Amino acid sequence: MKQTDCIERVAVLGLGTMGHGIAQTFALAGCEVACFDASAAMRDSLIERVGGNLAAFVAAHAIDSESVEPTLARLRLVTTEAEAVAGAQFVTEAVFEDLAMKQTLFARLEECSGPDTILASNSSSFPISQSGILLKRPERALVTHWFNPPHLTPVVEVVPGPGTSEGVVETTHQLLRRIGKLPIRLRRELPGFLVNRVQVAIQREVWDLVDQKVATPEEIDLAIRGTIGFRLAALGPLEIHDFAGLDIQLATYRNLAPEIRSNPVVPAALERLVSAGKLGVKTGQGFFEYPPERLANRKARRDSLLLRLWKLLYQAEPAGEPE
Ligand SMILES: NC(=O)c1ccc[n+]([C@@H]2O[C@H](COP(=O)([O-])OP(=O)(O)OC[C@H]3O[C@@H](n4cnc5c(N)ncnc54)[C@H](O)[C@@H]3O)[C@@H](O)[C@H]2O)c1
């Protein structure tokens, strides 16, 4: 498949938690971004949400204040999917995590996009061979899995399917590098890709510790942040093992693996919160409560800490770690 050397026109479908930050990242890097969401409220609030994120970038000296207006001007809000995709060289969806919805979306996108347009899915778990199953030309599709907050988290997982062309993978890789991301290509696709499999393993144990009332939720968050989280910002889990000593790791694994939660059933407390409409910050309550002022404070603190970490760890070494 012939690919455009330099992708300048992008479309983002779904402008929620992920889509708005993905659109921002492309726009900040100079791409023209057509933005569509099925919800008018999400479209109407896009510029304000991205503007808020960019203000935090300016406050952290990550960008100049002069780049805010041109970045916002590169976000083009449209009211139909077809309008978003028309002329786009790279399209990414960030709609709900619903397999049937993604499958029919990709089938429609194939109809209204150009023959060389790359189609990407930001699914957290569905490989492109599932979400793109209705595509007539699967060679143009792949997963690009961003992490929340997408405008701050450095890595994007690139997960080609068995039918994705090498040219599409290479062009996507280059595009992600150009917009300041650190793409990690998986050698084969599998559900949940790489990072979310590890994340779910952590979540499973954390929810179980909450259930067992081993500590308060606040203490659990603090304990993990101040140990595993603190170290993981500097070293990967395998190198952490090397520093600790593999003999110690072996003994710990042998002793603890049979003790930790391995039940595949979704934790009851998680089911209960979602059934009650407590979805987290987007509904004002999840595990913790987020009245508007607290939410603004927590988000500002999160973004300011992550921006400082990003500057410290990734700005100087965008390609990753020196040996
Ligand atoms: N939230 C995360 O931490 C995270 C991280 C990585 C990947 N993801 C994945 O990204 C995708 C989006 O997740 P999110 O957290 O941003 O969800 P979200 O609920 O915050 O946003 C989804 C948006 O998609 C819109 N939408 C739904 N159907 C649509 C359609 N057919 N066309 C256009 N817009 C449509 C909704 O109106 C909503 O604004 C999901 O596949 C999710 O699994 C989420």
# chains A, B, ... in the order shown; residues from 1 in each chain; ligands from 1
call {"tool": "residues_near_ligand", "arguments": {"ligand": "ligand 1", "cutoff": "9 Å", "atoms": "only C-alpha atoms and all ligand atoms", "output": "NGL selection string"}}
result
:A and (12-21 or 36-43 or 80-81 or 93-99 or 101-102 or 104-105 or 121-126 or 145-150 or 196 or 282)
call {"tool": "residues_around", "arguments": {"residues": "segment 84-89 of chain A", "least_positions_apart": "5", "cutoff": "7 Å", "atoms": "only C-alpha atoms", "output": "PyMOL selection string"}}
result
chain A and resi 7+9-11+34-36+78+112-113+117-118
call {"tool": "write_last_selection", "arguments": {"atoms": "N, CA and C atoms", "output": "PDB file, in the first residue's frame"}}
result
ATOM      1  N   ILE A   7       1.884  12.853   7.135  1.00  0.00           N
ATOM      2  CA  ILE A   7       0.453  12.976   7.441  1.00  0.00           C
ATOM      3  C   ILE A   7       0.202  14.325   8.113  1.00  0.00           C
ATOM      4  N   ARG A   9      -3.330  15.697   7.844  1.00  0.00           N
ATOM      5  CA  ARG A   9      -4.764  15.829   8.104  1.00  0.00           C
ATOM      6  C   ARG A   9      -5.274  14.563   8.807  1.00  0.00           C
ATOM      7  N   VAL A  10      -5.797  14.791  10.018  1.00  0.00           N
ATOM      8  CA  VAL A  10      -6.188  13.687  10.891  1.00  0.00           C
ATOM      9  C   VAL A  10      -7.654  13.861  11.259  1.00  0.00           C
ATOM     10  N   ALA A  11      -8.339  12.750  11.538  1.00  0.00           N
ATOM     11  CA  ALA A  11      -9.703  12.837  12.081  1.00  0.00           C
ATOM     12  C   ALA A  11      -9.772  12.036  13.370  1.00  0.00           C
ATOM     13  N   ALA A  34      -9.852  17.086  12.188  1.00  0.00           N
ATOM     14  CA  ALA A  34     -11.314  17.116  12.118  1.00  0.00           C
ATOM     15  C   ALA A  34     -11.848  16.323  13.308  1.00  0.00           C
ATOM     16  N   CYS A  35     -12.772  16.933  14.060  1.00  0.00           N
ATOM     17  CA  CYS A  35     -13.194  16.339  15.332  1.00  0.00           C
ATOM     18  C   CYS A  35     -14.692  16.079  15.309  1.00  0.00           C
ATOM     19  N   PHE A  36     -15.071  14.825  15.572  1.00  0.00           N
ATOM     20  CA  PHE A  36     -16.504  14.489  15.589  1.00  0.00           C
ATOM     21  C   PHE A  36     -16.828  13.665  16.822  1.00  0.00           C
ATOM     22  N   VAL A  78     -16.808  19.117  13.407  1.00  0.00           N
ATOM     23  CA  VAL A  78     -17.755  18.789  12.341  1.00  0.00           C
ATOM     24  C   VAL A  78     -18.933  18.025  12.941  1.00  0.00           C
ATOM     25  N   CYS A 112     -16.363   5.743   3.442  1.00  0.00           N
ATOM     26  CA  CYS A 112     -16.286   7.193   3.198  1.00  0.00           C
ATOM     27  C   CYS A 112     -14.866   7.764   3.277  1.00  0.00           C
ATOM     28  N   SER A 113     -13.848   6.903   3.457  1.00  0.00           N
ATOM     29  CA  SER A 113     -12.480   7.440   3.504  1.00  0.00           C
ATOM     30  C   SER A 113     -11.749   7.118   2.208  1.00  0.00           C
ATOM     31  N   THR A 117      -6.179   6.029   3.326  1.00  0.00           N
ATOM     32  CA  THR A 117      -6.360   6.532   4.697  1.00  0.00           C
ATOM     33  C   THR A 117      -6.114   5.407   5.701  1.00  0.00           C
ATOM     34  N   ILE A 118      -5.306   5.694   6.702  1.00  0.00           N
ATOM     35  CA  ILE A 118      -5.053   4.708   7.756  1.00  0.00           C
ATOM     36  C   ILE A 118      -6.185   4.797   8.774  1.00  0.00           C
TER      37      ILE A 118
END
call {"tool": "select_by_dssp", "arguments": {"residues": "segment 40-209 of chain A", "states": "helix (DSSP H, G or I)", "output": "PyMOL selection string"}}
result
chain A and resi 40-44+46-59+65-73+81-85+99-112+128-131+138-140+166-178+195-209
call {"tool": "closest_residue", "arguments": {"among": "A:Leu109, A:Val274, A:Leu312, A:Leu182", "to": "Arg137 of chain A", "atoms": "only C-alpha atoms"}}
result
A:Leu109
call {"tool": "residues_around", "arguments": {"residues": "segment 255-269 of chain A", "least_positions_apart": "4", "cutoff": "10 Å", "atoms": "only C-alpha atoms", "output": "compact mmCIF listing (two decimals) with all heavy atoms, in the first residue's frame"}}
result
# COMPACT_ATOMS: atom_id res chain seq x y z
N ALA A 201 -4.08 -6.92 36.03
CA ALA A 201 -3.55 -7.78 37.10
C ALA A 201 -3.40 -6.96 38.40
O ALA A 201 -3.73 -7.44 39.49
CB ALA A 201 -2.20 -8.37 36.68
N ILE A 202 -2.93 -5.72 38.27
CA ILE A 202 -2.79 -4.86 39.46
C ILE A 202 -4.17 -4.53 40.02
O ILE A 202 -4.42 -4.64 41.23
CB ILE A 202 -2.01 -3.57 39.11
CG1 ILE A 202 -0.56 -3.91 38.76
CG2 ILE A 202 -2.07 -2.56 40.25
CD1 ILE A 202 0.25 -2.72 38.27
N GLN A 203 -5.09 -4.14 39.11
CA GLN A 203 -6.44 -3.76 39.55
C GLN A 203 -7.12 -4.89 40.31
O GLN A 203 -7.79 -4.68 41.31
CB GLN A 203 -7.31 -3.46 38.33
CG GLN A 203 -7.30 -2.03 37.88
CD GLN A 203 -8.13 -1.91 36.62
OE1 GLN A 203 -8.19 -2.82 35.80
NE2 GLN A 203 -8.78 -0.79 36.47
N ARG A 204 -6.97 -6.10 39.78
CA ARG A 204 -7.64 -7.25 40.39
C ARG A 204 -7.22 -7.39 41.85
O ARG A 204 -8.04 -7.57 42.74
CB ARG A 204 -7.28 -8.51 39.59
CG ARG A 204 -7.91 -9.76 40.13
CD ARG A 204 -7.85 -10.87 39.13
NE ARG A 204 -6.47 -11.26 38.82
CZ ARG A 204 -6.15 -12.19 37.93
NH1 ARG A 204 -7.09 -12.80 37.24
NH2 ARG A 204 -4.90 -12.51 37.71
N GLU A 205 -5.93 -7.24 42.11
CA GLU A 205 -5.46 -7.38 43.47
C GLU A 205 -5.86 -6.18 44.33
O GLU A 205 -6.23 -6.33 45.50
CB GLU A 205 -3.93 -7.56 43.48
CG GLU A 205 -3.32 -7.84 44.83
CD GLU A 205 -3.87 -9.10 45.51
OE1 GLU A 205 -4.40 -9.99 44.82
OE2 GLU A 205 -3.80 -9.16 46.75
N VAL A 206 -5.83 -4.99 43.73
CA VAL A 206 -6.19 -3.79 44.49
C VAL A 206 -7.65 -3.85 44.95
O VAL A 206 -7.97 -3.57 46.10
CB VAL A 206 -5.91 -2.51 43.66
CG1 VAL A 206 -6.60 -1.31 44.24
CG2 VAL A 206 -4.41 -2.26 43.58
N TRP A 207 -8.55 -4.22 44.04
CA TRP A 207 -9.96 -4.33 44.42
C TRP A 207 -10.14 -5.39 45.50
O TRP A 207 -10.98 -5.25 46.39
CB TRP A 207 -10.84 -4.65 43.21
CG TRP A 207 -11.05 -3.47 42.31
CD1 TRP A 207 -10.32 -3.15 41.21
CD2 TRP A 207 -12.04 -2.44 42.45
NE1 TRP A 207 -10.79 -1.98 40.65
CE2 TRP A 207 -11.85 -1.53 41.38
CE3 TRP A 207 -13.07 -2.20 43.36
CZ2 TRP A 207 -12.65 -0.40 41.21
CZ3 TRP A 207 -13.87 -1.07 43.18
CH2 TRP A 207 -13.65 -0.18 42.12
N ASP A 208 -9.37 -6.45 45.45
CA ASP A 208 -9.48 -7.50 46.46
C ASP A 208 -9.00 -6.98 47.82
O ASP A 208 -9.59 -7.29 48.85
CB ASP A 208 -8.66 -8.72 46.03
CG ASP A 208 -9.02 -9.94 46.84
OD1 ASP A 208 -10.22 -10.28 46.87
OD2 ASP A 208 -8.13 -10.54 47.46
N LEU A 209 -7.93 -6.18 47.82
CA LEU A 209 -7.43 -5.62 49.08
C LEU A 209 -8.45 -4.67 49.69
O LEU A 209 -8.61 -4.61 50.92
CB LEU A 209 -6.09 -4.90 48.85
CG LEU A 209 -4.92 -5.81 48.46
CD1 LEU A 209 -3.72 -4.98 48.01
CD2 LEU A 209 -4.53 -6.73 49.61
N VAL A 210 -9.15 -3.91 48.81
CA VAL A 210 -10.22 -3.03 49.30
C VAL A 210 -11.30 -3.88 49.94
O VAL A 210 -11.76 -3.61 51.06
CB VAL A 210 -10.83 -2.20 48.14
CG1 VAL A 210 -12.07 -1.44 48.60
CG2 VAL A 210 -9.80 -1.24 47.57
N ASP A 211 -11.69 -4.93 49.23
CA ASP A 211 -12.76 -5.83 49.69
C ASP A 211 -12.40 -6.45 51.05
O ASP A 211 -13.24 -6.58 51.93
CB ASP A 211 -12.93 -6.93 48.63
CG ASP A 211 -14.31 -7.51 48.66
OD1 ASP A 211 -15.26 -6.74 48.92
OD2 ASP A 211 -14.45 -8.73 48.43
N GLN A 249 13.31 -12.42 44.23
CA GLN A 249 12.07 -12.39 43.46
C GLN A 249 11.48 -13.79 43.34
O GLN A 249 10.27 -13.97 43.42
CB GLN A 249 12.34 -11.84 42.04
CG GLN A 249 12.76 -10.40 42.00
CD GLN A 249 11.72 -9.49 42.63
OE1 GLN A 249 10.55 -9.57 42.31
NE2 GLN A 249 12.16 -8.67 43.56
N LEU A 250 12.36 -14.77 43.15
CA LEU A 250 11.88 -16.16 43.00
C LEU A 250 11.16 -16.61 44.27
O LEU A 250 10.06 -17.16 44.22
CB LEU A 250 13.07 -17.09 42.70
CG LEU A 250 12.75 -18.57 42.65
CD1 LEU A 250 11.89 -18.90 41.44
CD2 LEU A 250 14.03 -19.41 42.61
N ALA A 251 11.79 -16.33 45.42
CA ALA A 251 11.18 -16.75 46.69
C ALA A 251 9.86 -16.03 46.91
O ALA A 251 8.87 -16.64 47.32
CB ALA A 251 12.15 -16.47 47.84
N LEU A 273 -20.62 -0.05 41.73
CA LEU A 273 -20.42 1.38 41.47
C LEU A 273 -20.89 1.75 40.06
O LEU A 273 -21.57 2.76 39.87
CB LEU A 273 -18.93 1.75 41.63
CG LEU A 273 -18.41 1.80 43.08
CD1 LEU A 273 -16.89 1.87 43.11
CD2 LEU A 273 -18.99 3.00 43.82
N VAL A 274 -20.55 0.93 39.08
CA VAL A 274 -20.94 1.23 37.70
C VAL A 274 -22.47 1.16 37.55
O VAL A 274 -23.09 2.03 36.94
CB VAL A 274 -20.21 0.30 36.70
CG1 VAL A 274 -20.75 0.48 35.30
CG2 VAL A 274 -18.71 0.59 36.72
N SER A 275 -23.10 0.14 38.17
CA SER A 275 -24.57 0.03 38.09
C SER A 275 -25.24 1.25 38.71
O SER A 275 -26.32 1.66 38.29
CB SER A 275 -25.07 -1.21 38.82
OG SER A 275 -24.46 -2.32 38.30
N PHE A 287 -14.88 5.80 42.82
CA PHE A 287 -14.47 5.25 44.10
C PHE A 287 -14.47 6.36 45.16
O PHE A 287 -14.91 6.18 46.28
CB PHE A 287 -13.08 4.63 43.98
CG PHE A 287 -12.88 3.58 44.99
CD1 PHE A 287 -13.16 2.26 44.67
CD2 PHE A 287 -12.51 3.89 46.28
CE1 PHE A 287 -13.05 1.29 45.63
CE2 PHE A 287 -12.39 2.92 47.23
CZ PHE A 287 -12.66 1.61 46.91
call {"tool": "residues_around", "arguments": {"residues": "segment 295-298 of chain A", "least_positions_apart": "3", "cutoff": "10 Å", "atoms": "only C-alpha atoms", "output": "list in words"}}
result
Val281, Lys282, Gly284, Gln285, Glu289, Tyr290, Pro291, Pro292, Arg301, Arg302, Asp303 and Ser304 of chain A
call {"tool": "write_last_selection", "arguments": {"atoms": "N, CA, C and O atoms", "output": "CSV table (one decimal), in the first residue's frame"}}
result
chain,number,residue,atom,x,y,z
A,281,VAL,N,-14.6,10.4,37.6
A,281,VAL,CA,-14.7,11.9,37.5
A,281,VAL,C,-15.8,12.4,36.5
A,281,VAL,O,-16.3,13.4,36.7
A,282,LYS,N,-16.0,11.5,35.5
A,282,LYS,CA,-17.0,12.0,34.5
A,282,LYS,C,-18.4,12.1,35.0
A,282,LYS,O,-19.3,12.8,34.4
A,284,GLY,N,-18.8,12.7,38.5
A,284,GLY,CA,-18.7,13.4,39.8
A,284,GLY,C,-18.4,12.4,41.0
A,284,GLY,O,-18.2,12.8,42.1
A,285,GLN,N,-18.6,11.1,40.8
A,285,GLN,CA,-18.3,10.2,41.8
A,285,GLN,C,-17.9,8.8,41.2
A,285,GLN,O,-18.5,8.4,40.2
A,289,GLU,N,-15.3,10.8,45.8
A,289,GLU,CA,-16.2,11.8,45.4
A,289,GLU,C,-15.5,13.0,44.8
A,289,GLU,O,-14.5,13.4,45.3
A,290,TYR,N,-16.1,13.5,43.7
A,290,TYR,CA,-15.5,14.7,43.0
A,290,TYR,C,-16.5,15.8,42.8
A,290,TYR,O,-16.9,16.0,41.7
A,291,PRO,N,-16.8,16.5,43.9
A,291,PRO,CA,-17.6,17.7,43.6
A,291,PRO,C,-16.8,18.7,42.8
A,291,PRO,O,-15.5,18.6,42.8
A,292,PRO,N,-17.4,19.6,42.0
A,292,PRO,CA,-16.7,20.4,41.0
A,292,PRO,C,-15.4,21.0,41.5
A,292,PRO,O,-14.3,20.9,40.8
A,301,ARG,N,-3.8,19.2,39.9
A,301,ARG,CA,-2.6,18.6,40.5
A,301,ARG,C,-2.0,17.4,39.7
A,301,ARG,O,-0.8,17.3,39.5
A,302,ARG,N,-3.0,16.6,39.2
A,302,ARG,CA,-2.5,15.5,38.4
A,302,ARG,C,-1.7,16.0,37.2
A,302,ARG,O,-0.6,15.5,36.9
A,303,ASP,N,-2.3,17.0,36.4
A,303,ASP,CA,-1.6,17.4,35.2
A,303,ASP,C,-0.3,18.1,35.5
A,303,ASP,O,0.7,17.9,34.8
A,304,SER,N,-0.3,18.9,36.7
A,304,SER,CA,1.0,19.6,37.0
A,304,SER,C,2.1,18.6,37.3
A,304,SER,O,3.2,18.7,36.9
call {"tool": "atom_distance", "arguments": {"atom1": "atom CA of Val33 of chain A", "atom2": "atom CA of Gly163 of chain A"}}
result
26.9 Å
call {"tool": "closest_residue", "arguments": {"among": "A:His61, A:His151, A:Lys213, A:Arg308", "to": "Arg49 of chain A", "atoms": "only C-alpha atoms"}}
result
A:His151
